[in-house]
Amino acid sequence: MGSLSELFSEGKSGAFFYYSNDGLYLIKTIPHREALSLGRMLLRYLAHVRANPHTLLPRYYGFHRLQLPNAGKVHFVVMANVFSTERRIHERYDLKGSYLGRTVGAANADDTDVVRKDLDLKRQFYIGGTRRDALIEQMRRQPRPQGPSLPLRTSCSRS
């Protein structure tokens, strides 16, 4: 087994990300409160992923806790790396479905290395045929987050 490569989070959480040598998986440290939330929703998440095999939700493969001497408990998840692809990635977004603090701001708008947020996504995408229908159906069935959120838009064009 090869070594892991480490990356600091660009987000508020200060999480650490470790990528597998082949780039297919990542290990992300999570705070205790997030571990508690994930634990509470894990059965619903599994049911959703099984019912929606093409879900756009993150793919969790493991949910763990280590007890480290002199460091306490460390919670982490093992996930599929959604950026593991042969294709060139031009823009990256961290979409949470919220308006609150969800922009990188004008100073970073043109920086191709910055991970953009919800309010930075200003373009429309074309998804045609059966993929469009499946995505819209899944969005209708998917549980909605509570609190201020972006509206559900289903105005996709058909070819």
# chains A, B, ... in the order shown; residues from 1 in each chain; ligands from 1
$ select_by_dssp --residues "stretch 44-98 of chain A" --states "strand (DSSP E)" --output "number ranges by chain"
A: 60-68, 72-80, 92-94
$ write_last_selection --atoms "N, CA, C and O atoms" --output "short mmCIF file (atom, residue, chain, number, x, y, z; two decimals), in the first residue's frame"
data_model
loop_
_atom_site.label_atom_id
_atom_site.label_comp_id
_atom_site.auth_asym_id
_atom_site.auth_seq_id
_atom_site.Cartn_x
_atom_site.Cartn_y
_atom_site.Cartn_z
N TYR A 60 -20.12 7.63 0.89
CA TYR A 60 -19.36 7.27 2.09
C TYR A 60 -19.11 5.76 2.08
O TYR A 60 -20.04 4.98 1.88
N TYR A 61 -17.86 5.37 2.32
CA TYR A 61 -17.52 3.95 2.39
C TYR A 61 -17.12 3.53 3.79
O TYR A 61 -17.06 2.34 4.08
N GLY A 62 -16.84 4.48 4.66
CA GLY A 62 -16.46 4.15 6.03
C GLY A 62 -16.67 5.34 6.94
O GLY A 62 -16.58 6.49 6.52
N PHE A 63 -16.96 5.05 8.20
CA PHE A 63 -17.21 6.06 9.23
C PHE A 63 -16.51 5.54 10.48
O PHE A 63 -16.91 4.51 11.03
N HIS A 64 -15.43 6.20 10.91
CA HIS A 64 -14.55 5.64 11.93
C HIS A 64 -14.18 6.65 13.01
O HIS A 64 -14.32 7.85 12.81
N ARG A 65 -13.64 6.10 14.11
CA ARG A 65 -13.11 6.92 15.19
C ARG A 65 -11.86 6.26 15.71
O ARG A 65 -11.83 5.04 15.92
N LEU A 66 -10.82 7.04 15.89
CA LEU A 66 -9.58 6.55 16.48
C LEU A 66 -9.38 7.23 17.83
O LEU A 66 -9.67 8.42 17.97
N GLN A 67 -8.86 6.48 18.78
CA GLN A 67 -8.46 7.06 20.06
C GLN A 67 -6.93 7.15 20.03
O GLN A 67 -6.26 6.12 20.02
N LEU A 68 -6.41 8.36 19.95
CA LEU A 68 -4.98 8.56 19.84
C LEU A 68 -4.40 9.03 21.17
O LEU A 68 -4.97 9.90 21.82
N GLY A 72 -6.55 12.48 21.84
CA GLY A 72 -7.97 12.24 22.01
C GLY A 72 -8.59 11.51 20.83
O GLY A 72 -7.91 10.84 20.06
N LYS A 73 -9.89 11.67 20.69
CA LYS A 73 -10.64 10.98 19.64
C LYS A 73 -10.56 11.76 18.32
O LYS A 73 -10.73 12.97 18.31
N VAL A 74 -10.36 11.04 17.24
CA VAL A 74 -10.35 11.63 15.90
C VAL A 74 -11.40 10.88 15.09
O VAL A 74 -11.31 9.66 14.92
N HIS A 75 -12.39 11.61 14.60
CA HIS A 75 -13.43 11.02 13.75
C HIS A 75 -13.06 11.26 12.30
O HIS A 75 -12.55 12.34 11.95
N PHE A 76 -13.32 10.27 11.45
CA PHE A 76 -13.05 10.46 10.03
C PHE A 76 -13.95 9.58 9.19
O PHE A 76 -14.50 8.59 9.66
N VAL A 77 -14.12 9.99 7.93
CA VAL A 77 -14.91 9.23 6.97
C VAL A 77 -14.01 8.88 5.78
O VAL A 77 -13.07 9.61 5.47
N VAL A 78 -14.33 7.76 5.15
CA VAL A 78 -13.70 7.37 3.90
C VAL A 78 -14.75 7.56 2.82
O VAL A 78 -15.88 7.08 2.95
N MET A 79 -14.40 8.31 1.78
CA MET A 79 -15.36 8.68 0.74
C MET A 79 -14.77 8.44 -0.64
O MET A 79 -13.55 8.37 -0.79
N ALA A 80 -15.65 8.35 -1.62
CA ALA A 80 -15.20 8.32 -3.02
C ALA A 80 -14.71 9.72 -3.36
O ALA A 80 -15.31 10.71 -2.97
N ARG A 92 -14.57 23.92 -9.76
CA ARG A 92 -15.03 23.06 -8.68
C ARG A 92 -15.96 23.87 -7.78
O ARG A 92 -15.72 25.04 -7.51
N TYR A 93 -17.03 23.21 -7.32
CA TYR A 93 -18.02 23.85 -6.46
C TYR A 93 -18.26 23.00 -5.23
O TYR A 93 -18.31 21.78 -5.31
N ASP A 94 -18.43 23.66 -4.10
CA ASP A 94 -18.85 23.03 -2.85
C ASP A 94 -20.28 23.50 -2.63
O ASP A 94 -20.51 24.57 -2.06
#
$ select_by_dssp --residues "stretch 5-158 of chain A" --states "helix (DSSP H, G or I)" --output "number ranges by chain"
A: 32-51, 106-108, 118-120, 129-141
$ write_last_selection --atoms "N, CA, C and O atoms" --output "short mmCIF file (atom, residue, chain, number, x, y, z; two decimals), in the first residue's frame"
data_model
loop_
_atom_site.label_atom_id
_atom_site.label_comp_id
_atom_site.auth_asym_id
_atom_site.auth_seq_id
_atom_site.Cartn_x
_atom_site.Cartn_y
_atom_site.Cartn_z
N HIS A 32 -16.49 16.31 16.06
CA HIS A 32 -17.38 15.44 16.84
C HIS A 32 -18.85 15.70 16.53
O HIS A 32 -19.62 14.75 16.34
N ARG A 33 -19.26 16.96 16.45
CA ARG A 33 -20.68 17.29 16.19
C ARG A 33 -21.12 16.76 14.83
O ARG A 33 -22.25 16.31 14.66
N GLU A 34 -20.24 16.81 13.83
CA GLU A 34 -20.57 16.28 12.51
C GLU A 34 -20.65 14.75 12.54
O GLU A 34 -21.49 14.16 11.87
N ALA A 35 -19.79 14.13 13.34
CA ALA A 35 -19.85 12.67 13.50
C ALA A 35 -21.18 12.26 14.12
O ALA A 35 -21.79 11.27 13.71
N LEU A 36 -21.64 13.03 15.10
CA LEU A 36 -22.93 12.73 15.73
C LEU A 36 -24.06 12.85 14.71
O LEU A 36 -24.95 12.00 14.64
N SER A 37 -24.05 13.92 13.90
CA SER A 37 -25.08 14.12 12.88
C SER A 37 -25.06 13.00 11.85
O SER A 37 -26.11 12.46 11.48
N LEU A 38 -23.87 12.64 11.39
CA LEU A 38 -23.76 11.56 10.41
C LEU A 38 -24.26 10.24 11.00
O LEU A 38 -24.97 9.50 10.33
N GLY A 39 -23.93 9.98 12.24
CA GLY A 39 -24.40 8.76 12.90
C GLY A 39 -25.92 8.69 12.98
O GLY A 39 -26.52 7.64 12.78
N ARG A 40 -26.56 9.84 13.24
CA ARG A 40 -28.03 9.88 13.34
C ARG A 40 -28.71 9.64 12.00
O ARG A 40 -29.79 9.08 11.93
N MET A 41 -28.08 10.08 10.92
CA MET A 41 -28.74 9.96 9.62
C MET A 41 -28.22 8.80 8.77
O MET A 41 -28.67 8.60 7.65
N LEU A 42 -27.31 8.01 9.29
CA LEU A 42 -26.65 6.97 8.50
C LEU A 42 -27.63 5.95 7.90
O LEU A 42 -27.51 5.62 6.72
N LEU A 43 -28.60 5.49 8.66
CA LEU A 43 -29.55 4.51 8.13
C LEU A 43 -30.41 5.11 7.01
O LEU A 43 -30.65 4.45 6.00
N ARG A 44 -30.83 6.37 7.18
CA ARG A 44 -31.59 7.04 6.11
C ARG A 44 -30.73 7.25 4.88
O ARG A 44 -31.18 7.11 3.75
N TYR A 45 -29.45 7.59 5.10
CA TYR A 45 -28.52 7.79 3.99
C TYR A 45 -28.36 6.48 3.20
O TYR A 45 -28.45 6.48 1.98
N LEU A 46 -28.14 5.39 3.90
CA LEU A 46 -27.99 4.09 3.24
C LEU A 46 -29.23 3.72 2.44
O LEU A 46 -29.13 3.25 1.31
N ALA A 47 -30.40 3.94 3.02
CA ALA A 47 -31.65 3.64 2.32
C ALA A 47 -31.77 4.51 1.06
O ALA A 47 -32.17 4.02 0.00
N HIS A 48 -31.39 5.78 1.16
CA HIS A 48 -31.47 6.68 0.02
C HIS A 48 -30.52 6.24 -1.10
O HIS A 48 -30.90 6.21 -2.27
N VAL A 49 -29.29 5.90 -0.74
CA VAL A 49 -28.30 5.48 -1.75
C VAL A 49 -28.73 4.18 -2.42
O VAL A 49 -28.59 4.03 -3.64
N ARG A 50 -29.29 3.28 -1.65
CA ARG A 50 -29.77 2.02 -2.24
C ARG A 50 -30.96 2.27 -3.18
O ARG A 50 -31.05 1.66 -4.23
N ALA A 51 -31.84 3.18 -2.81
CA ALA A 51 -33.02 3.48 -3.64
C ALA A 51 -32.67 4.36 -4.83
O ALA A 51 -33.39 4.38 -5.82
N ALA A 106 -15.81 38.48 -5.01
CA ALA A 106 -15.32 39.00 -6.29
C ALA A 106 -13.80 38.86 -6.42
O ALA A 106 -13.30 38.64 -7.52
N ALA A 107 -13.07 38.99 -5.33
CA ALA A 107 -11.61 38.93 -5.39
C ALA A 107 -11.10 37.58 -5.89
O ALA A 107 -10.05 37.50 -6.53
N ASN A 108 -11.85 36.50 -5.63
CA ASN A 108 -11.43 35.16 -6.04
C ASN A 108 -12.21 34.61 -7.22
O ASN A 108 -12.01 33.45 -7.60
N ASP A 118 -22.19 27.99 -3.57
CA ASP A 118 -23.54 28.03 -4.15
C ASP A 118 -23.84 29.29 -4.95
O ASP A 118 -24.31 29.20 -6.09
N LEU A 119 -23.62 30.45 -4.38
CA LEU A 119 -23.99 31.70 -5.05
C LEU A 119 -23.05 32.07 -6.19
O LEU A 119 -23.32 33.00 -6.95
N ASP A 120 -21.95 31.34 -6.35
CA ASP A 120 -21.02 31.57 -7.46
C ASP A 120 -21.45 30.83 -8.72
O ASP A 120 -20.95 31.11 -9.80
N GLY A 129 -32.68 14.03 -22.05
CA GLY A 129 -33.22 12.67 -22.11
C GLY A 129 -33.47 12.03 -20.77
O GLY A 129 -33.97 12.65 -19.83
N THR A 130 -33.12 10.77 -20.68
CA THR A 130 -33.42 9.97 -19.48
C THR A 130 -32.62 10.44 -18.27
O THR A 130 -33.09 10.31 -17.14
N ARG A 131 -31.41 10.99 -18.48
CA ARG A 131 -30.64 11.51 -17.35
C ARG A 131 -31.38 12.67 -16.69
O ARG A 131 -31.42 12.79 -15.48
N ARG A 132 -31.94 13.54 -17.51
CA ARG A 132 -32.72 14.68 -17.01
C ARG A 132 -33.91 14.19 -16.19
O ARG A 132 -34.14 14.64 -15.07
N ASP A 133 -34.68 13.27 -16.75
CA ASP A 133 -35.87 12.76 -16.08
C ASP A 133 -35.50 12.09 -14.75
O ASP A 133 -36.17 12.28 -13.73
N ALA A 134 -34.44 11.30 -14.76
CA ALA A 134 -34.00 10.60 -13.54
C ALA A 134 -33.55 11.59 -12.48
O ALA A 134 -33.86 11.43 -11.29
N LEU A 135 -32.81 12.63 -12.89
CA LEU A 135 -32.33 13.63 -11.93
C LEU A 135 -33.49 14.40 -11.31
O LEU A 135 -33.55 14.59 -10.10
N ILE A 136 -34.45 14.82 -12.12
CA ILE A 136 -35.59 15.57 -11.59
C ILE A 136 -36.41 14.70 -10.65
O ILE A 136 -36.82 15.15 -9.57
N GLU A 137 -36.63 13.45 -11.00
CA GLU A 137 -37.39 12.54 -10.13
C GLU A 137 -36.65 12.34 -8.80
O GLU A 137 -37.26 12.34 -7.73
N GLN A 138 -35.36 12.17 -8.86
CA GLN A 138 -34.59 11.99 -7.64
C GLN A 138 -34.64 13.25 -6.77
O GLN A 138 -34.78 13.16 -5.55
N MET A 139 -34.55 14.41 -7.38
CA MET A 139 -34.62 15.66 -6.61
C MET A 139 -35.97 15.83 -5.94
O MET A 139 -36.06 16.35 -4.84
N ARG A 140 -37.01 15.38 -6.59
CA ARG A 140 -38.35 15.46 -5.98
C ARG A 140 -38.49 14.53 -4.79
O ARG A 140 -39.19 14.84 -3.84
N ARG A 141 -37.84 13.37 -4.85
CA ARG A 141 -37.94 12.39 -3.76
C ARG A 141 -36.97 12.67 -2.62
O ARG A 141 -37.18 12.21 -1.50
#
